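One file, upload_21.txt, is given below (compact mmCIF, C-alpha atoms).
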# COMPACT_ATOMS: atom_id res chain seq x y z
CA MET A 1 77.96 115.55 123.49
CA ARG A 2 81.12 114.98 125.51
CA ARG A 3 83.06 117.46 123.37
CA ARG A 4 80.41 120.12 123.92
CA LEU A 5 80.35 119.36 127.63
CA TYR A 6 84.13 119.77 127.89
CA ALA A 7 83.92 123.05 125.97
CA ILE A 8 81.32 124.41 128.39
CA ARG A 9 83.44 123.21 131.32
CA LYS A 10 86.57 124.90 129.98
CA LEU A 11 84.79 128.16 129.23
CA HIS A 12 83.40 128.41 132.76
CA ARG A 13 86.83 127.73 134.26
CA LEU A 14 88.49 130.37 132.09
CA LEU A 15 85.88 132.92 133.18
CA GLY A 16 86.23 131.95 136.85
CA LEU A 17 82.59 130.90 137.04
CA PRO A 18 81.07 127.94 138.91
CA ASP A 19 81.20 124.81 136.76
CA PRO A 20 77.67 123.53 136.07
CA THR A 21 78.80 120.41 134.20
CA TYR A 22 79.32 118.38 137.37
CA ASP A 23 75.67 118.69 138.35
CA GLU A 24 74.25 115.27 139.16
CA ASP A 25 71.37 115.68 136.69
CA ILE A 26 73.93 116.04 133.88
CA ASN A 27 75.90 113.00 135.04
CA LEU A 28 72.76 110.88 135.19
CA SER A 29 71.67 112.04 131.72
CA LEU A 30 75.04 111.13 130.22
CA ARG A 31 74.94 107.69 131.82
CA ARG A 32 71.49 107.05 130.37
CA VAL A 33 72.66 108.07 126.89
CA ARG A 34 75.75 105.83 127.11
CA ARG A 35 73.70 102.83 128.22
CA LYS A 36 71.13 103.33 125.50
CA HIS A 37 73.63 103.98 122.68
CA ALA A 38 76.56 101.75 123.57
CA VAL A 39 79.28 101.96 120.89
CA ARG A 40 82.60 100.15 120.74
CA PRO A 41 85.52 102.51 120.03
CA LYS A 42 86.66 102.18 116.42
CA GLN A 43 90.15 100.72 116.24
CA ALA A 44 92.52 101.13 113.31
CA LYS A 45 93.75 97.93 111.69
CA GLY A 46 97.26 97.09 112.85
CA LEU A 47 100.04 97.39 110.31
CA THR A 48 101.91 94.37 111.62
CA ARG A 49 105.29 93.11 110.41
CA ASP A 50 103.80 91.04 107.58
CA TYR A 51 101.99 94.06 106.17
CA LEU A 52 105.02 96.28 106.75
CA GLU A 53 107.29 94.08 104.64
CA ARG A 54 104.79 93.94 101.79
CA PHE A 55 104.14 97.67 101.88
CA ILE A 56 107.84 98.58 101.90
CA ALA A 57 108.59 96.15 99.05
CA SER A 58 105.79 97.66 96.96
CA GLU A 59 107.15 101.21 97.05
CA PRO A 60 108.56 102.36 93.67
CA ASP A 61 112.18 103.34 93.06
CA THR A 62 111.40 107.04 93.04
CA PRO A 63 112.05 109.90 95.50
CA TRP A 64 108.55 109.32 96.87
CA GLY A 65 109.34 105.63 97.30
CA LEU A 66 112.57 106.45 99.16
CA ARG A 67 110.69 108.73 101.54
CA ASN A 68 107.74 106.42 102.05
CA ARG A 69 109.87 103.34 102.74
CA ALA A 70 111.74 105.28 105.41
CA MET A 71 108.49 106.63 106.90
CA LEU A 72 106.83 103.22 107.07
CA ALA A 73 109.84 101.54 108.67
CA LEU A 74 110.52 104.35 111.13
CA GLY A 75 106.88 104.85 112.10
CA TYR A 76 106.58 101.16 112.88
CA GLU A 77 109.78 100.91 114.93
CA LEU A 78 109.10 104.09 116.90
CA LEU A 79 105.45 103.10 117.51
CA ALA A 80 104.86 106.67 116.39
CA ARG A 81 101.66 108.61 116.15
CA ARG A 82 101.33 110.26 112.76
CA SER A 83 101.77 113.70 114.36
CA GLU A 84 105.01 112.54 115.98
CA LEU A 85 106.32 111.11 112.71
CA VAL A 86 105.83 114.28 110.64
CA ALA A 87 107.19 116.48 113.47
CA LEU A 88 110.59 114.76 113.50
CA LYS A 89 113.60 116.83 112.47
CA THR A 90 116.95 115.61 111.22
CA ASP A 91 118.58 116.84 114.44
CA ASP A 92 116.36 114.45 116.40
CA LEU A 93 118.35 111.52 114.98
CA GLU A 94 121.70 110.45 116.41
CA ASP A 95 124.01 107.84 114.90
CA ARG A 96 125.04 104.99 117.19
CA GLU A 97 128.24 102.96 117.02
CA ASP A 98 126.42 99.85 115.79
CA GLY A 99 124.99 101.70 112.79
CA THR A 100 121.48 102.12 114.21
CA LEU A 101 119.85 105.41 115.16
CA ARG A 102 118.66 106.88 118.42
CA VAL A 103 115.59 109.06 117.89
CA LEU A 104 114.26 111.74 120.21
CA ILE A 105 110.50 112.22 119.98
CA ARG A 106 110.29 115.68 121.49
CA ARG A 107 106.56 116.14 122.00
CA SER A 108 103.43 114.05 121.74
CA LYS A 109 99.75 114.05 122.65
CA SER A 110 100.54 112.39 126.00
CA ASP A 111 103.60 114.62 126.59
CA PRO A 112 102.32 118.22 126.33
CA PHE A 113 105.34 119.66 128.19
CA GLY A 114 107.89 118.22 125.79
CA GLU A 115 109.83 115.94 128.11
CA GLY A 116 110.33 113.66 125.13
CA ARG A 117 111.05 109.96 124.81
CA LEU A 118 113.88 108.04 123.22
CA ALA A 119 113.44 105.27 120.69
CA PHE A 120 115.82 103.19 118.60
CA THR A 121 115.87 101.81 115.08
CA SER A 122 117.15 98.68 113.41
CA LEU A 123 120.07 98.66 110.98
CA ARG A 124 117.70 98.30 108.04
CA THR A 125 115.59 101.28 109.02
CA ALA A 126 118.72 103.36 109.61
CA GLY A 127 119.78 102.46 106.08
CA LEU A 128 116.42 103.47 104.63
CA ILE A 129 116.66 106.80 106.45
CA GLN A 130 120.17 107.40 105.11
CA ASP A 131 119.04 106.61 101.56
CA TRP A 132 116.25 109.16 101.86
CA LEU A 133 118.52 111.83 103.41
CA ALA A 134 121.11 111.33 100.67
CA TRP A 135 118.46 112.24 98.10
CA ARG A 136 116.75 114.95 100.16
CA GLY A 137 119.96 116.83 100.95
CA PRO A 138 121.21 118.55 104.12
CA HIS A 139 119.46 121.92 103.78
CA ILE A 140 116.01 120.90 105.11
CA PRO A 141 115.52 120.64 108.90
CA TRP A 142 112.42 118.44 108.70
CA LEU A 143 113.20 114.73 108.52
CA PHE A 144 110.34 114.10 106.08
CA CYS A 145 109.15 116.76 103.66
CA PRO A 146 106.92 117.13 100.60
CA ILE A 147 108.29 116.51 97.11
CA TYR A 148 107.24 118.63 94.17
CA GLN A 149 108.53 118.13 90.63
CA ASN A 150 111.28 115.86 91.96
CA LYS A 151 112.48 118.51 94.41
CA ALA A 152 112.32 118.40 98.20
CA LEU A 153 110.37 121.31 99.73
CA ASN A 154 111.53 122.99 102.92
CA ARG A 155 108.48 122.37 105.09
CA SER A 156 106.96 119.57 107.13
CA LEU A 157 104.42 117.07 105.89
CA GLU A 158 100.75 117.23 106.80
CA THR A 159 99.59 114.41 109.08
CA THR A 160 97.09 113.30 106.43
CA ILE A 161 100.02 112.20 104.24
CA VAL A 162 100.76 109.36 106.68
CA LYS A 163 97.26 107.95 106.34
CA ARG A 164 97.40 108.37 102.57
CA LEU A 165 100.70 106.53 102.12
CA VAL A 166 99.49 103.59 104.27
CA LYS A 167 96.24 103.26 102.33
CA THR A 168 98.00 103.69 98.99
CA ALA A 169 100.45 100.91 99.85
CA ALA A 170 97.58 98.66 100.96
CA ARG A 171 95.85 99.29 97.64
CA ARG A 172 99.06 98.68 95.70
CA VAL A 173 99.59 95.21 97.20
CA GLY A 174 96.04 94.23 96.25
CA LEU A 175 94.24 94.14 99.59
CA PRO A 176 90.42 94.10 99.46
CA PRO A 177 88.60 97.44 99.87
CA GLY A 178 87.28 96.62 103.34
CA GLU A 179 90.77 95.89 104.59
CA ILE A 180 92.16 99.05 103.00
CA ASP A 181 89.48 101.16 104.69
CA ALA A 182 90.43 99.71 108.09
CA PHE A 183 93.97 101.12 107.92
CA SER A 184 94.69 104.61 109.22
CA GLY A 185 97.58 106.88 110.09
CA HIS A 186 97.78 105.12 113.47
CA SER A 187 98.09 101.65 111.96
CA MET A 188 101.88 101.46 112.31
CA ARG A 189 101.62 102.25 116.04
CA VAL A 190 98.84 99.70 116.51
CA GLY A 191 100.58 96.97 114.51
CA ALA A 192 103.93 97.38 116.25
CA ALA A 193 102.26 97.15 119.67
CA GLN A 194 100.44 93.99 118.62
CA ASP A 195 103.68 92.45 117.34
CA LEU A 196 105.44 93.23 120.62
CA LEU A 197 102.67 91.49 122.57
CA CYS A 198 102.87 88.42 120.32
CA ALA A 199 106.65 88.40 120.79
CA GLY A 200 106.17 88.04 124.55
CA TYR A 201 106.76 91.59 125.82
CA ASP A 202 104.69 92.61 128.82
CA THR A 203 102.37 95.59 129.04
CA ALA A 204 104.86 97.77 130.94
CA ALA A 205 107.52 97.29 128.23
CA ILE A 206 105.06 98.09 125.44
CA MET A 207 103.85 101.20 127.27
CA ARG A 208 107.43 102.42 127.63
CA ALA A 209 108.18 101.73 123.96
CA GLY A 210 105.14 103.62 122.69
CA GLY A 211 104.88 106.33 125.34
CA TRP A 212 101.44 105.26 126.56
CA LYS A 213 100.20 106.68 129.84
CA SER A 214 96.92 104.74 130.00
CA VAL A 215 96.67 100.96 130.22
CA ASN A 216 93.05 101.16 129.04
CA ILE A 217 93.99 102.79 125.74
CA LEU A 218 96.80 100.32 125.15
CA ALA A 219 94.42 97.43 125.91
CA ARG A 220 92.23 98.48 122.97
CA TYR A 221 95.26 98.42 120.69
CA LEU A 222 96.17 94.91 121.81
CA GLU A 223 92.71 93.33 121.73
CA LYS A 224 93.03 91.67 118.35
CA ALA A 225 96.57 90.45 119.01
CA GLU A 226 95.65 88.51 122.14
CA GLN A 227 94.08 85.68 120.18
CA ASN A 228 97.46 85.02 118.56
CA VAL A 229 99.25 85.06 121.92
CA TRP A 230 97.00 82.38 123.41
CA ALA A 231 96.48 80.33 120.26

Can the structure in the file be given as structure tokens, please?
Amino acid sequence: MRRRLYAIRKLHRLLGLPDPTYDEDINLSLRRVRRKHAVRPKQAKGLTRDYLERFIASEPDTPWGLRNRAMLALGYELLARRSELVALKTDDLEDREDGTLRVLIRRSKSDPFGEGRLAFTSLRTAGLIQDWLAWRGPHIPWLFCPIYQNKALNRSLETTIVKRLVKTAARRVGLPPGEIDAFSGHSMRVGAAQDLLCAGYDTAAIMRAGGWKSVNILARYLEKAEQNVWA
């Protein structure tokens, strides 16, 4: 209902017509529906550090394993949305003197004008990235790309690949079906935020690290981690 309401609102604005969606009768009707059909937002299961280590260790010694290990580690450390992860290009990475990488995330859902944000990797993740790039070769601009018949293809990955590799890794380490279903392409972002909270970082620091603009959205990510903080 909200999506249809926003579509009607946008259409009237584009046509320069009075917007009927702010009528008080509509607002009252929406409130009644929300009270009657209260639903908690569905939250992806966090891919926390424990899961990350198991998933990375389970990847096979193949080109796909090289790529997926690098994607899992980088997605976690950047607190990246799946769209941000597959949009990265090799030029977005910069070597630092200590052997780590500085990564420029050029555009995201909360950054429509492309101001970008900077993030940094660990030495291990930088090594996993270098291993993948050594196999992939220098001729492909996209950081992560599809592999077909043991050859890297010159195009970006679909965002659905991120979800698939997380769920495949969860299945490979023997997690129960219900737990596997709870993971999504956002699980690395959720899990990293939860780990930061448990490590003692405050909300402002986590928002900066993940590029969040809304405290309310971040609070949903951190809900299940709070029990570990106060335990």

Contact residues around Gln43 in chain A with only C-alpha atoms at 10 Å, ignoring same-chain residues under 5 positions, as JSON, numbers by chain: {"A": [182, 183, 184, 186, 187, 190, 220, 221, 223, 224]}

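Rounded to one decimal, CA of Thr48 in chain A and CA of Tyr76 in chain A lie 8.3 Å from each other.
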
12 Å contact set for range 128-141 of chain A, all atoms listed in the file, chain neighbours under 2 positions out, as a PDB file with C-alpha atoms, in the coordinates of the input:
ATOM      1  CA  ILE A  56     107.840  98.580 101.900  1.00  0.00           C
ATOM      2  CA  ASP A  61     112.180 103.340  93.060  1.00  0.00           C
ATOM      3  CA  THR A  62     111.400 107.040  93.040  1.00  0.00           C
ATOM      4  CA  PRO A  63     112.050 109.900  95.500  1.00  0.00           C
ATOM      5  CA  TRP A  64     108.550 109.320  96.870  1.00  0.00           C
ATOM      6  CA  GLY A  65     109.340 105.630  97.300  1.00  0.00           C
ATOM      7  CA  LEU A  66     112.570 106.450  99.160  1.00  0.00           C
ATOM      8  CA  ARG A  67     110.690 108.730 101.540  1.00  0.00           C
ATOM      9  CA  ASN A  68     107.740 106.420 102.050  1.00  0.00           C
ATOM     10  CA  ARG A  69     109.870 103.340 102.740  1.00  0.00           C
ATOM     11  CA  ALA A  70     111.740 105.280 105.410  1.00  0.00           C
ATOM     12  CA  MET A  71     108.490 106.630 106.900  1.00  0.00           C
ATOM     13  CA  LEU A  72     106.830 103.220 107.070  1.00  0.00           C
ATOM     14  CA  ALA A  73     109.840 101.540 108.670  1.00  0.00           C
ATOM     15  CA  LEU A  74     110.520 104.350 111.130  1.00  0.00           C
ATOM     16  CA  GLY A  75     106.880 104.850 112.100  1.00  0.00           C
ATOM     17  CA  VAL A  86     105.830 114.280 110.640  1.00  0.00           C
ATOM     18  CA  ALA A  87     107.190 116.480 113.470  1.00  0.00           C
ATOM     19  CA  LEU A  88     110.590 114.760 113.500  1.00  0.00           C
ATOM     20  CA  LYS A  89     113.600 116.830 112.470  1.00  0.00           C
ATOM     21  CA  THR A  90     116.950 115.610 111.220  1.00  0.00           C
ATOM     22  CA  ASP A  91     118.580 116.840 114.440  1.00  0.00           C
ATOM     23  CA  ASP A  92     116.360 114.450 116.400  1.00  0.00           C
ATOM     24  CA  LEU A  93     118.350 111.520 114.980  1.00  0.00           C
ATOM     25  CA  GLU A  94     121.700 110.450 116.410  1.00  0.00           C
ATOM     26  CA  ASP A  95     124.010 107.840 114.900  1.00  0.00           C
ATOM     27  CA  GLY A  99     124.990 101.700 112.790  1.00  0.00           C
ATOM     28  CA  THR A 100     121.480 102.120 114.210  1.00  0.00           C
ATOM     29  CA  LEU A 101     119.850 105.410 115.160  1.00  0.00           C
ATOM     30  CA  VAL A 103     115.590 109.060 117.890  1.00  0.00           C
ATOM     31  CA  THR A 121     115.870 101.810 115.080  1.00  0.00           C
ATOM     32  CA  SER A 122     117.150  98.680 113.410  1.00  0.00           C
ATOM     33  CA  LEU A 123     120.070  98.660 110.980  1.00  0.00           C
ATOM     34  CA  ARG A 124     117.700  98.300 108.040  1.00  0.00           C
ATOM     35  CA  THR A 125     115.590 101.280 109.020  1.00  0.00           C
ATOM     36  CA  ALA A 126     118.720 103.360 109.610  1.00  0.00           C
ATOM     37  CA  LEU A 143     113.200 114.730 108.520  1.00  0.00           C
ATOM     38  CA  PHE A 144     110.340 114.100 106.080  1.00  0.00           C
ATOM     39  CA  CYS A 145     109.150 116.760 103.660  1.00  0.00           C
ATOM     40  CA  PRO A 146     106.920 117.130 100.600  1.00  0.00           C
ATOM     41  CA  ILE A 147     108.290 116.510  97.110  1.00  0.00           C
ATOM     42  CA  TYR A 148     107.240 118.630  94.170  1.00  0.00           C
ATOM     43  CA  ASN A 150     111.280 115.860  91.960  1.00  0.00           C
ATOM     44  CA  LYS A 151     112.480 118.510  94.410  1.00  0.00           C
ATOM     45  CA  ALA A 152     112.320 118.400  98.200  1.00  0.00           C
ATOM     46  CA  LEU A 153     110.370 121.310  99.730  1.00  0.00           C
ATOM     47  CA  ASN A 154     111.530 122.990 102.920  1.00  0.00           C
ATOM     48  CA  ARG A 155     108.480 122.370 105.090  1.00  0.00           C
ATOM     49  CA  SER A 156     106.960 119.570 107.130  1.00  0.00           C
TER      50      SER A 156
END

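Comparing A:Leu52, A:Ala169, A:Ile8, A:Cys198 by their smallest distance to Glu77 in chain A, the closest is A:Leu52 (using all atoms listed in the file).
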
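Ranking A:Asp202, A:Leu157, A:Pro60, A:Glu84 by their shortest atom-to-atom distance to Arg107 in chain A, with all atoms listed in the file included, puts A:Glu84 first.
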
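The spacing separating CA of Leu5 in chain A from CA of Lys36 in chain A amounts to 18.6 Å.
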